Structure formats: C-alpha cells, structure tokens
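**Student:** My structure is in structure.cif, and what it holds is mmCIF, N, CA and C atoms:
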```
data_entry
#
loop_
_atom_site.label_atom_id
_atom_site.label_comp_id
_atom_site.auth_asym_id
_atom_site.auth_seq_id
_atom_site.Cartn_x
_atom_site.Cartn_y
_atom_site.Cartn_z
N MET A 144 -37.99 13.55 -8.74
CA MET A 144 -38.01 12.26 -9.41
C MET A 144 -36.57 11.85 -9.74
N SER A 145 -36.17 10.65 -9.36
CA SER A 145 -34.81 10.20 -9.62
C SER A 145 -34.71 9.56 -11.00
N GLN A 146 -33.50 9.63 -11.55
CA GLN A 146 -33.23 9.04 -12.85
C GLN A 146 -33.03 7.53 -12.69
N PRO A 147 -33.45 6.72 -13.67
CA PRO A 147 -33.20 5.28 -13.59
C PRO A 147 -31.70 5.00 -13.69
N VAL A 148 -31.25 3.95 -13.02
CA VAL A 148 -29.84 3.57 -13.05
C VAL A 148 -29.57 2.85 -14.36
N PRO A 149 -28.55 3.31 -15.14
CA PRO A 149 -28.24 2.65 -16.42
C PRO A 149 -27.86 1.18 -16.21
N ALA A 150 -28.17 0.34 -17.18
CA ALA A 150 -27.90 -1.09 -17.11
C ALA A 150 -26.44 -1.42 -16.79
N PRO A 151 -25.44 -0.75 -17.41
CA PRO A 151 -24.05 -1.10 -17.09
C PRO A 151 -23.72 -0.86 -15.61
N VAL A 152 -24.27 0.20 -15.04
CA VAL A 152 -24.01 0.51 -13.64
C VAL A 152 -24.71 -0.52 -12.75
N ARG A 153 -25.92 -0.95 -13.12
CA ARG A 153 -26.61 -2.00 -12.36
C ARG A 153 -25.79 -3.29 -12.38
N PHE A 154 -25.24 -3.64 -13.55
CA PHE A 154 -24.41 -4.84 -13.66
C PHE A 154 -23.21 -4.74 -12.73
N LEU A 155 -22.48 -3.62 -12.79
CA LEU A 155 -21.28 -3.47 -11.97
C LEU A 155 -21.61 -3.49 -10.48
N SER A 156 -22.73 -2.89 -10.11
CA SER A 156 -23.13 -2.84 -8.71
C SER A 156 -23.49 -4.22 -8.17
N SER A 157 -23.99 -5.09 -9.04
CA SER A 157 -24.42 -6.41 -8.58
C SER A 157 -23.37 -7.50 -8.81
N ALA A 158 -22.34 -7.23 -9.61
CA ALA A 158 -21.31 -8.24 -9.89
C ALA A 158 -20.45 -8.50 -8.66
N ALA A 159 -20.09 -9.74 -8.47
CA ALA A 159 -19.25 -10.11 -7.34
C ALA A 159 -17.81 -9.64 -7.57
N PRO A 160 -17.14 -9.18 -6.52
CA PRO A 160 -15.72 -8.86 -6.66
C PRO A 160 -14.98 -10.09 -7.19
N GLY A 161 -14.04 -9.86 -8.08
CA GLY A 161 -13.30 -10.95 -8.71
C GLY A 161 -13.82 -11.34 -10.07
N THR A 162 -15.02 -10.85 -10.43
CA THR A 162 -15.59 -11.12 -11.75
C THR A 162 -14.72 -10.44 -12.80
N ARG A 163 -14.40 -11.15 -13.88
CA ARG A 163 -13.62 -10.54 -14.97
C ARG A 163 -14.58 -9.76 -15.84
N VAL A 164 -14.28 -8.47 -16.04
CA VAL A 164 -15.18 -7.55 -16.73
C VAL A 164 -14.42 -6.71 -17.75
N VAL A 165 -15.19 -6.14 -18.66
CA VAL A 165 -14.69 -5.06 -19.50
C VAL A 165 -15.66 -3.90 -19.29
N VAL A 166 -15.08 -2.71 -19.06
CA VAL A 166 -15.88 -1.51 -18.80
C VAL A 166 -15.46 -0.44 -19.81
N ARG A 167 -16.41 0.05 -20.58
CA ARG A 167 -16.15 1.17 -21.51
C ARG A 167 -16.62 2.44 -20.81
N TYR A 168 -15.74 3.45 -20.82
CA TYR A 168 -16.09 4.70 -20.16
C TYR A 168 -15.54 5.90 -20.92
N ARG A 169 -16.16 7.05 -20.64
CA ARG A 169 -15.84 8.30 -21.31
C ARG A 169 -14.61 8.97 -20.71
N LEU A 170 -13.76 9.48 -21.59
CA LEU A 170 -12.67 10.39 -21.23
C LEU A 170 -12.93 11.70 -21.95
N GLU A 171 -12.19 12.74 -21.61
CA GLU A 171 -12.39 14.02 -22.31
C GLU A 171 -12.17 13.89 -23.81
N GLU A 172 -11.20 13.05 -24.21
CA GLU A 172 -10.86 12.92 -25.62
C GLU A 172 -11.57 11.79 -26.34
N GLY A 173 -12.47 11.09 -25.66
CA GLY A 173 -13.19 9.99 -26.32
C GLY A 173 -13.58 8.92 -25.32
N PHE A 174 -13.37 7.66 -25.72
CA PHE A 174 -13.73 6.52 -24.89
C PHE A 174 -12.52 5.62 -24.72
N THR A 175 -12.53 4.83 -23.67
CA THR A 175 -11.49 3.83 -23.45
C THR A 175 -12.13 2.66 -22.71
N ASP A 176 -11.41 1.54 -22.66
CA ASP A 176 -11.89 0.33 -21.99
C ASP A 176 -10.94 -0.07 -20.88
N ALA A 177 -11.48 -0.66 -19.83
CA ALA A 177 -10.69 -1.29 -18.78
C ALA A 177 -11.10 -2.75 -18.76
N LEU A 178 -10.12 -3.63 -18.95
CA LEU A 178 -10.35 -5.07 -18.97
C LEU A 178 -9.59 -5.68 -17.80
N GLY A 179 -10.31 -6.36 -16.93
CA GLY A 179 -9.65 -6.98 -15.78
C GLY A 179 -10.67 -7.49 -14.79
N HIS A 180 -10.24 -7.62 -13.55
CA HIS A 180 -11.10 -8.15 -12.50
C HIS A 180 -11.68 -7.00 -11.67
N LEU A 181 -12.98 -7.07 -11.44
CA LEU A 181 -13.66 -6.08 -10.63
C LEU A 181 -13.21 -6.25 -9.18
N LEU A 182 -12.67 -5.18 -8.60
CA LEU A 182 -12.25 -5.24 -7.21
C LEU A 182 -13.35 -4.75 -6.28
N ALA A 183 -14.03 -3.66 -6.67
CA ALA A 183 -15.05 -3.07 -5.81
C ALA A 183 -15.94 -2.16 -6.63
N CYS A 184 -17.14 -1.92 -6.11
CA CYS A 184 -18.05 -0.97 -6.73
C CYS A 184 -18.89 -0.36 -5.61
N ASP A 185 -18.93 0.98 -5.57
CA ASP A 185 -19.77 1.65 -4.58
C ASP A 185 -20.68 2.63 -5.31
N ALA A 186 -21.30 3.53 -4.60
CA ALA A 186 -22.27 4.44 -5.21
C ALA A 186 -21.65 5.39 -6.22
N GLY A 187 -20.34 5.64 -6.13
CA GLY A 187 -19.74 6.63 -7.02
C GLY A 187 -18.76 6.11 -8.05
N SER A 188 -18.16 4.94 -7.79
CA SER A 188 -17.13 4.46 -8.71
C SER A 188 -16.97 2.95 -8.61
N CYS A 189 -16.25 2.40 -9.60
CA CYS A 189 -15.86 0.99 -9.53
C CYS A 189 -14.36 0.93 -9.78
N THR A 190 -13.74 -0.13 -9.28
CA THR A 190 -12.31 -0.31 -9.45
C THR A 190 -12.07 -1.63 -10.17
N VAL A 191 -11.30 -1.56 -11.26
CA VAL A 191 -10.97 -2.73 -12.07
C VAL A 191 -9.46 -2.92 -12.04
N ARG A 192 -9.01 -4.12 -11.70
CA ARG A 192 -7.57 -4.43 -11.72
C ARG A 192 -7.21 -4.93 -13.10
N THR A 193 -6.50 -4.09 -13.87
CA THR A 193 -6.03 -4.47 -15.20
C THR A 193 -4.61 -5.02 -15.07
N ARG A 194 -4.01 -5.43 -16.17
CA ARG A 194 -2.63 -5.92 -16.13
C ARG A 194 -1.66 -4.83 -15.68
N GLN A 195 -1.96 -3.57 -16.02
CA GLN A 195 -1.05 -2.48 -15.71
C GLN A 195 -1.27 -1.84 -14.34
N ALA A 196 -2.53 -1.71 -13.91
CA ALA A 196 -2.81 -0.97 -12.68
C ALA A 196 -4.26 -1.16 -12.27
N ASP A 197 -4.57 -0.71 -11.07
CA ASP A 197 -5.96 -0.64 -10.63
C ASP A 197 -6.54 0.66 -11.18
N VAL A 198 -7.68 0.55 -11.88
CA VAL A 198 -8.31 1.71 -12.53
C VAL A 198 -9.60 2.03 -11.78
N VAL A 199 -9.70 3.26 -11.27
CA VAL A 199 -10.91 3.71 -10.59
C VAL A 199 -11.73 4.49 -11.62
N ILE A 200 -12.96 4.04 -11.85
CA ILE A 200 -13.80 4.61 -12.91
C ILE A 200 -15.05 5.22 -12.27
N PRO A 201 -15.26 6.53 -12.43
CA PRO A 201 -16.50 7.13 -11.93
C PRO A 201 -17.70 6.51 -12.68
N LEU A 202 -18.72 6.08 -11.94
CA LEU A 202 -19.86 5.42 -12.56
C LEU A 202 -20.60 6.33 -13.54
N GLY A 203 -20.55 7.62 -13.35
CA GLY A 203 -21.18 8.56 -14.27
C GLY A 203 -20.55 8.57 -15.65
N ARG A 204 -19.35 8.02 -15.78
CA ARG A 204 -18.66 7.98 -17.08
C ARG A 204 -18.82 6.64 -17.79
N VAL A 205 -19.37 5.64 -17.11
CA VAL A 205 -19.51 4.29 -17.69
C VAL A 205 -20.62 4.30 -18.74
N VAL A 206 -20.30 3.77 -19.93
CA VAL A 206 -21.31 3.67 -21.00
C VAL A 206 -21.65 2.22 -21.33
N ALA A 207 -20.78 1.27 -20.95
CA ALA A 207 -21.05 -0.15 -21.20
C ALA A 207 -20.19 -0.98 -20.25
N ALA A 208 -20.71 -2.14 -19.87
CA ALA A 208 -19.95 -3.06 -19.02
C ALA A 208 -20.54 -4.45 -19.17
N LYS A 209 -19.67 -5.46 -19.14
CA LYS A 209 -20.15 -6.83 -19.19
C LYS A 209 -19.09 -7.77 -18.63
N GLU A 210 -19.56 -8.96 -18.28
CA GLU A 210 -18.65 -10.01 -17.84
C GLU A 210 -17.99 -10.62 -19.07
N VAL A 211 -16.72 -10.98 -18.93
CA VAL A 211 -15.99 -11.62 -20.03
C VAL A 211 -15.37 -12.92 -19.54
N PRO A 212 -15.11 -13.85 -20.46
CA PRO A 212 -14.53 -15.14 -20.05
C PRO A 212 -13.09 -14.97 -19.56
N PRO A 213 -12.56 -15.99 -18.89
CA PRO A 213 -11.18 -15.94 -18.43
C PRO A 213 -10.21 -15.68 -19.58
N ALA A 214 -9.11 -15.05 -19.27
CA ALA A 214 -8.08 -14.79 -20.27
C ALA A 214 -7.49 -16.10 -20.77
N PRO A 215 -7.15 -16.18 -22.06
CA PRO A 215 -6.49 -17.40 -22.54
C PRO A 215 -5.11 -17.53 -21.91
N PRO A 216 -4.59 -18.74 -21.81
CA PRO A 216 -3.26 -18.91 -21.23
C PRO A 216 -2.21 -18.17 -22.05
N ARG A 217 -1.23 -17.63 -21.36
CA ARG A 217 -0.17 -16.92 -22.08
C ARG A 217 0.70 -17.93 -22.82
N ARG A 218 1.18 -17.49 -23.96
CA ARG A 218 2.06 -18.35 -24.76
C ARG A 218 3.46 -18.33 -24.18
N GLY A 219 4.18 -19.41 -24.34
CA GLY A 219 5.54 -19.48 -23.88
C GLY A 219 6.45 -18.63 -24.76
N ALA A 220 7.62 -18.34 -24.27
CA ALA A 220 8.60 -17.55 -25.02
C ALA A 220 9.08 -18.34 -26.24
N VAL A 221 9.27 -17.63 -27.34
CA VAL A 221 9.78 -18.25 -28.56
C VAL A 221 11.30 -18.24 -28.49
N ARG A 222 11.90 -19.40 -28.77
CA ARG A 222 13.37 -19.47 -28.69
C ARG A 222 13.99 -19.52 -30.05
#
```
Write the structure described by the file as structure tokens, please.
**Tutor:**
Amino acid sequence: MSQPVPAPVRFLSSAAPGTRVVVRYRLEEGFTDALGHLLACDAGSCTVRTRQADVVIPLGRVVAAKEVPPAPPRRGAVR
C-alpha cells in the first residue's frame, strides 16, 4: 500500500515553472524557507531560484509550500 502524497508536494508537482513560491523544508538543525521562482519539480526534488542561488530541495524534506504574490518593487538608493 502506498502512502498518500502530502499536499505541499502535490502543489509543487502541479505548479507551473516560473510560479513564485515559498517552500519550508527540514534541515538537520531545524527548518528553513526558500522563496523564489519554481524552476522544476520531479519525483524526487524541486528547484527554486532564490535571490542568492538555485536551491534543490528533496521532496521528502518539504513540510509546506504555497504560491506567493510578486515581490514588491525594490526601493531606490537613498542619497
């Protein structure tokens, strides 16, 4: 008997590449979030492009995921 697929993994598997997402996932020392655009999702992992880097997240570590609105425009430099 197979285990049901958790809702966050179902969301990531069905979301279109380019969707802006936040993904909460487990690390050895706790939890962390990846905020950015979903690049890809396959049977084992998803890849999120954050401001710093592309983050590959094993789906077995995902505890929450959802679509988020576009980032607000960046503020100009203060002179």
**Student:** Please write the residues picked by the PyMOL selection byres ((chain A and resi 168) around 6.5) on this file as a PDB file with N, CA and C atoms, keeping the file's coordinate frame.
**Tutor:**
```pdb
ATOM      1  N   VAL A 166     -15.080  -2.710 -19.060  1.00  0.00           N
ATOM      2  CA  VAL A 166     -15.880  -1.510 -18.800  1.00  0.00           C
ATOM      3  C   VAL A 166     -15.460  -0.440 -19.810  1.00  0.00           C
ATOM      4  N   ARG A 167     -16.410   0.050 -20.580  1.00  0.00           N
ATOM      5  CA  ARG A 167     -16.150   1.170 -21.510  1.00  0.00           C
ATOM      6  C   ARG A 167     -16.620   2.440 -20.810  1.00  0.00           C
ATOM      7  N   ARG A 169     -16.160   7.050 -20.640  1.00  0.00           N
ATOM      8  CA  ARG A 169     -15.840   8.300 -21.310  1.00  0.00           C
ATOM      9  C   ARG A 169     -14.610   8.970 -20.710  1.00  0.00           C
ATOM     10  N   LEU A 170     -13.760   9.480 -21.590  1.00  0.00           N
ATOM     11  CA  LEU A 170     -12.670  10.390 -21.230  1.00  0.00           C
ATOM     12  C   LEU A 170     -12.930  11.700 -21.950  1.00  0.00           C
ATOM     13  N   GLY A 173     -12.470  11.090 -25.660  1.00  0.00           N
ATOM     14  CA  GLY A 173     -13.190   9.990 -26.320  1.00  0.00           C
ATOM     15  C   GLY A 173     -13.580   8.920 -25.320  1.00  0.00           C
ATOM     16  N   PHE A 174     -13.370   7.660 -25.720  1.00  0.00           N
ATOM     17  CA  PHE A 174     -13.730   6.520 -24.890  1.00  0.00           C
ATOM     18  C   PHE A 174     -12.520   5.620 -24.720  1.00  0.00           C
ATOM     19  N   THR A 175     -12.530   4.830 -23.670  1.00  0.00           N
ATOM     20  CA  THR A 175     -11.490   3.830 -23.450  1.00  0.00           C
ATOM     21  C   THR A 175     -12.130   2.660 -22.710  1.00  0.00           C
ATOM     22  N   ASP A 176     -11.410   1.540 -22.660  1.00  0.00           N
ATOM     23  CA  ASP A 176     -11.890   0.330 -21.990  1.00  0.00           C
ATOM     24  C   ASP A 176     -10.940  -0.070 -20.880  1.00  0.00           C
ATOM     25  N   ALA A 177     -11.480  -0.660 -19.830  1.00  0.00           N
ATOM     26  CA  ALA A 177     -10.690  -1.290 -18.780  1.00  0.00           C
ATOM     27  C   ALA A 177     -11.100  -2.750 -18.760  1.00  0.00           C
ATOM     28  N   ARG A 204     -19.350   8.020 -15.780  1.00  0.00           N
ATOM     29  CA  ARG A 204     -18.660   7.980 -17.080  1.00  0.00           C
ATOM     30  C   ARG A 204     -18.820   6.640 -17.790  1.00  0.00           C
ATOM     31  N   VAL A 205     -19.370   5.640 -17.110  1.00  0.00           N
ATOM     32  CA  VAL A 205     -19.510   4.290 -17.690  1.00  0.00           C
ATOM     33  C   VAL A 205     -20.620   4.300 -18.740  1.00  0.00           C
ATOM     34  N   VAL A 206     -20.300   3.770 -19.930  1.00  0.00           N
ATOM     35  CA  VAL A 206     -21.310   3.670 -21.000  1.00  0.00           C
ATOM     36  C   VAL A 206     -21.650   2.220 -21.330  1.00  0.00           C
ATOM     37  N   ALA A 207     -20.780   1.270 -20.950  1.00  0.00           N
ATOM     38  CA  ALA A 207     -21.050  -0.150 -21.200  1.00  0.00           C
ATOM     39  C   ALA A 207     -20.190  -0.980 -20.250  1.00  0.00           C
TER      40      ALA A 207
END
```
**Student:** Write out as number ranges by chain the set of residues from chain A that DSSP, computed on the backbone, places in strand (DSSP E).
**Tutor:** A: 163-170, 173-184, 188-192, 197-201, 205-210
**Student:** Could you pull out the helix (DSSP H, G or I) residues of chain A, going by DSSP on the backbone, and write them as a list of chain:residue names?
**Tutor:**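 Selecting the helix (DSSP H, G or I) positions of chain A gives A:Ala150, A:Pro151, A:Val152, A:Arg153, A:Phe154, A:Leu155, A:Ser156, A:Ser157, A:Leu202, A:Gly203, A:Arg204.
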**Student:** Figure out the distance between atom C of A:Glu172 and atom N of A:Lys209, please, to one decimal in Å.
**Tutor:** 20.4 Å
**Student:** List as a list in words the protein and nucleic acid residues near stretch 153-163 of chain A, meaning an atom at most 6 Å away when all atoms listed in the file are counted, but skip any in the same chain fewer than 3 places from it.
**Tutor:**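 Residues meeting the cut-off are Val148, Pro149, Ala150, Gly179, His180, Leu181, Leu182, Ala183, Cys184, Lys209, Glu210 and Val211 of chain A.
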**Student:** Neighbours of A:Val199 within 10 Å (only C-alpha atoms; same-chain residues fewer than 2 positions away dropped), as a list of chain:residue names?
**Tutor:**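 Using only C-alpha atoms, the neighbours found are A:Ala177, A:Leu182, A:Ala183, A:Cys184, A:Gly187, A:Ser188, A:Cys189, A:Thr190, A:Val191, A:Arg192, A:Ala196, A:Asp197, A:Pro201, A:Leu202.
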**Student:** If I take atom C of A:Pro151 and atom N of A:Pro216, how far is one from the other in Å, to one decimal?
**Tutor:**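 Pair atom C of A:Pro151 / atom N of A:Pro216 returns 26.9 Å.
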**Student:** Report, in Å to a single decimal, how far apart atom N of A:Val165 and atom C of A:Arg218 are.
**Tutor:** 23.0 Å
**Student:** Take every atom of stretch 171-188 of chain A listed in the file, pad by 4 Å on each side, and give me the axis-aligned box centre and edge lengths in Å, one decimal, as AutoDock Vina command-line options.
**Tutor:**
```
--center_x -15.9 --center_y 2.9 --center_z -15.5 --size_x 20.7 --size_y 30.2 --size_z 29.8
```
**Student:** Can you put N, CA, C and O atoms back into stretch 194-217 of chain A and show it as an mmCIF file, keeping the file's coordinate frame?
**Tutor:**
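Printed below is rebuild_1.cif as written:
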```cif
data_model
loop_
_atom_site.group_PDB
_atom_site.id
_atom_site.type_symbol
_atom_site.label_atom_id
_atom_site.label_comp_id
_atom_site.auth_asym_id
_atom_site.auth_seq_id
_atom_site.Cartn_x
_atom_site.Cartn_y
_atom_site.Cartn_z
ATOM 1 N N ARG A 194 -4.010 -5.430 -16.170
ATOM 2 C CA ARG A 194 -2.630 -5.920 -16.130
ATOM 3 C C ARG A 194 -1.660 -4.830 -15.680
ATOM 4 O O ARG A 194 -0.646 -5.120 -15.067
ATOM 5 N N GLN A 195 -1.960 -3.570 -16.020
ATOM 6 C CA GLN A 195 -1.050 -2.480 -15.710
ATOM 7 C C GLN A 195 -1.270 -1.840 -14.340
ATOM 8 O O GLN A 195 -0.317 -1.438 -13.694
ATOM 9 N N ALA A 196 -2.530 -1.710 -13.910
ATOM 10 C CA ALA A 196 -2.810 -0.970 -12.680
ATOM 11 C C ALA A 196 -4.260 -1.160 -12.270
ATOM 12 O O ALA A 196 -5.080 -1.668 -13.044
ATOM 13 N N ASP A 197 -4.570 -0.710 -11.070
ATOM 14 C CA ASP A 197 -5.960 -0.640 -10.630
ATOM 15 C C ASP A 197 -6.540 0.660 -11.180
ATOM 16 O O ASP A 197 -5.958 1.732 -10.999
ATOM 17 N N VAL A 198 -7.680 0.550 -11.880
ATOM 18 C CA VAL A 198 -8.310 1.710 -12.530
ATOM 19 C C VAL A 198 -9.600 2.030 -11.780
ATOM 20 O O VAL A 198 -10.471 1.171 -11.672
ATOM 21 N N VAL A 199 -9.700 3.260 -11.270
ATOM 22 C CA VAL A 199 -10.910 3.710 -10.590
ATOM 23 C C VAL A 199 -11.730 4.490 -11.620
ATOM 24 O O VAL A 199 -11.252 5.473 -12.188
ATOM 25 N N ILE A 200 -12.960 4.040 -11.850
ATOM 26 C CA ILE A 200 -13.800 4.610 -12.910
ATOM 27 C C ILE A 200 -15.050 5.220 -12.270
ATOM 28 O O ILE A 200 -15.824 4.494 -11.624
ATOM 29 N N PRO A 201 -15.260 6.530 -12.430
ATOM 30 C CA PRO A 201 -16.500 7.130 -11.930
ATOM 31 C C PRO A 201 -17.700 6.510 -12.680
ATOM 32 O O PRO A 201 -17.689 6.409 -13.908
ATOM 33 N N LEU A 202 -18.720 6.080 -11.940
ATOM 34 C CA LEU A 202 -19.860 5.420 -12.560
ATOM 35 C C LEU A 202 -20.600 6.330 -13.540
ATOM 36 O O LEU A 202 -21.194 5.845 -14.503
ATOM 37 N N GLY A 203 -20.550 7.620 -13.350
ATOM 38 C CA GLY A 203 -21.180 8.560 -14.270
ATOM 39 C C GLY A 203 -20.550 8.570 -15.650
ATOM 40 O O GLY A 203 -21.138 9.063 -16.608
ATOM 41 N N ARG A 204 -19.350 8.020 -15.780
ATOM 42 C CA ARG A 204 -18.660 7.980 -17.080
ATOM 43 C C ARG A 204 -18.820 6.640 -17.790
ATOM 44 O O ARG A 204 -18.436 6.497 -18.949
ATOM 45 N N VAL A 205 -19.370 5.640 -17.110
ATOM 46 C CA VAL A 205 -19.510 4.290 -17.690
ATOM 47 C C VAL A 205 -20.620 4.300 -18.740
ATOM 48 O O VAL A 205 -21.718 4.766 -18.498
ATOM 49 N N VAL A 206 -20.300 3.770 -19.930
ATOM 50 C CA VAL A 206 -21.310 3.670 -21.000
ATOM 51 C C VAL A 206 -21.650 2.220 -21.330
ATOM 52 O O VAL A 206 -22.703 1.946 -21.894
ATOM 53 N N ALA A 207 -20.780 1.270 -20.950
ATOM 54 C CA ALA A 207 -21.050 -0.150 -21.200
ATOM 55 C C ALA A 207 -20.190 -0.980 -20.250
ATOM 56 O O ALA A 207 -19.097 -0.565 -19.867
ATOM 57 N N ALA A 208 -20.710 -2.140 -19.870
ATOM 58 C CA ALA A 208 -19.950 -3.060 -19.020
ATOM 59 C C ALA A 208 -20.540 -4.450 -19.170
ATOM 60 O O ALA A 208 -21.755 -4.589 -19.318
ATOM 61 N N LYS A 209 -19.670 -5.460 -19.140
ATOM 62 C CA LYS A 209 -20.150 -6.830 -19.190
ATOM 63 C C LYS A 209 -19.090 -7.770 -18.630
ATOM 64 O O LYS A 209 -17.914 -7.421 -18.535
ATOM 65 N N GLU A 210 -19.560 -8.960 -18.280
ATOM 66 C CA GLU A 210 -18.650 -10.010 -17.840
ATOM 67 C C GLU A 210 -17.990 -10.620 -19.070
ATOM 68 O O GLU A 210 -18.614 -10.724 -20.131
ATOM 69 N N VAL A 211 -16.720 -10.980 -18.930
ATOM 70 C CA VAL A 211 -15.990 -11.620 -20.030
ATOM 71 C C VAL A 211 -15.370 -12.920 -19.540
ATOM 72 O O VAL A 211 -15.137 -13.093 -18.342
ATOM 73 N N PRO A 212 -15.110 -13.850 -20.460
ATOM 74 C CA PRO A 212 -14.530 -15.140 -20.050
ATOM 75 C C PRO A 212 -13.090 -14.970 -19.560
ATOM 76 O O PRO A 212 -12.456 -13.941 -19.805
ATOM 77 N N PRO A 213 -12.560 -15.990 -18.890
ATOM 78 C CA PRO A 213 -11.180 -15.940 -18.430
ATOM 79 C C PRO A 213 -10.210 -15.680 -19.580
ATOM 80 O O PRO A 213 -10.475 -16.065 -20.729
ATOM 81 N N ALA A 214 -9.110 -15.050 -19.270
ATOM 82 C CA ALA A 214 -8.080 -14.790 -20.270
ATOM 83 C C ALA A 214 -7.490 -16.100 -20.770
ATOM 84 O O ALA A 214 -7.356 -17.048 -19.986
ATOM 85 N N PRO A 215 -7.150 -16.180 -22.060
ATOM 86 C CA PRO A 215 -6.490 -17.400 -22.540
ATOM 87 C C PRO A 215 -5.110 -17.530 -21.910
ATOM 88 O O PRO A 215 -4.520 -16.524 -21.504
ATOM 89 N N PRO A 216 -4.590 -18.740 -21.810
ATOM 90 C CA PRO A 216 -3.260 -18.910 -21.230
ATOM 91 C C PRO A 216 -2.210 -18.170 -22.050
ATOM 92 O O PRO A 216 -2.332 -18.084 -23.287
ATOM 93 N N ARG A 217 -1.230 -17.630 -21.360
ATOM 94 C CA ARG A 217 -0.170 -16.920 -22.080
ATOM 95 C C ARG A 217 0.700 -17.930 -22.820
ATOM 96 O O ARG A 217 0.931 -19.042 -22.363
#
```
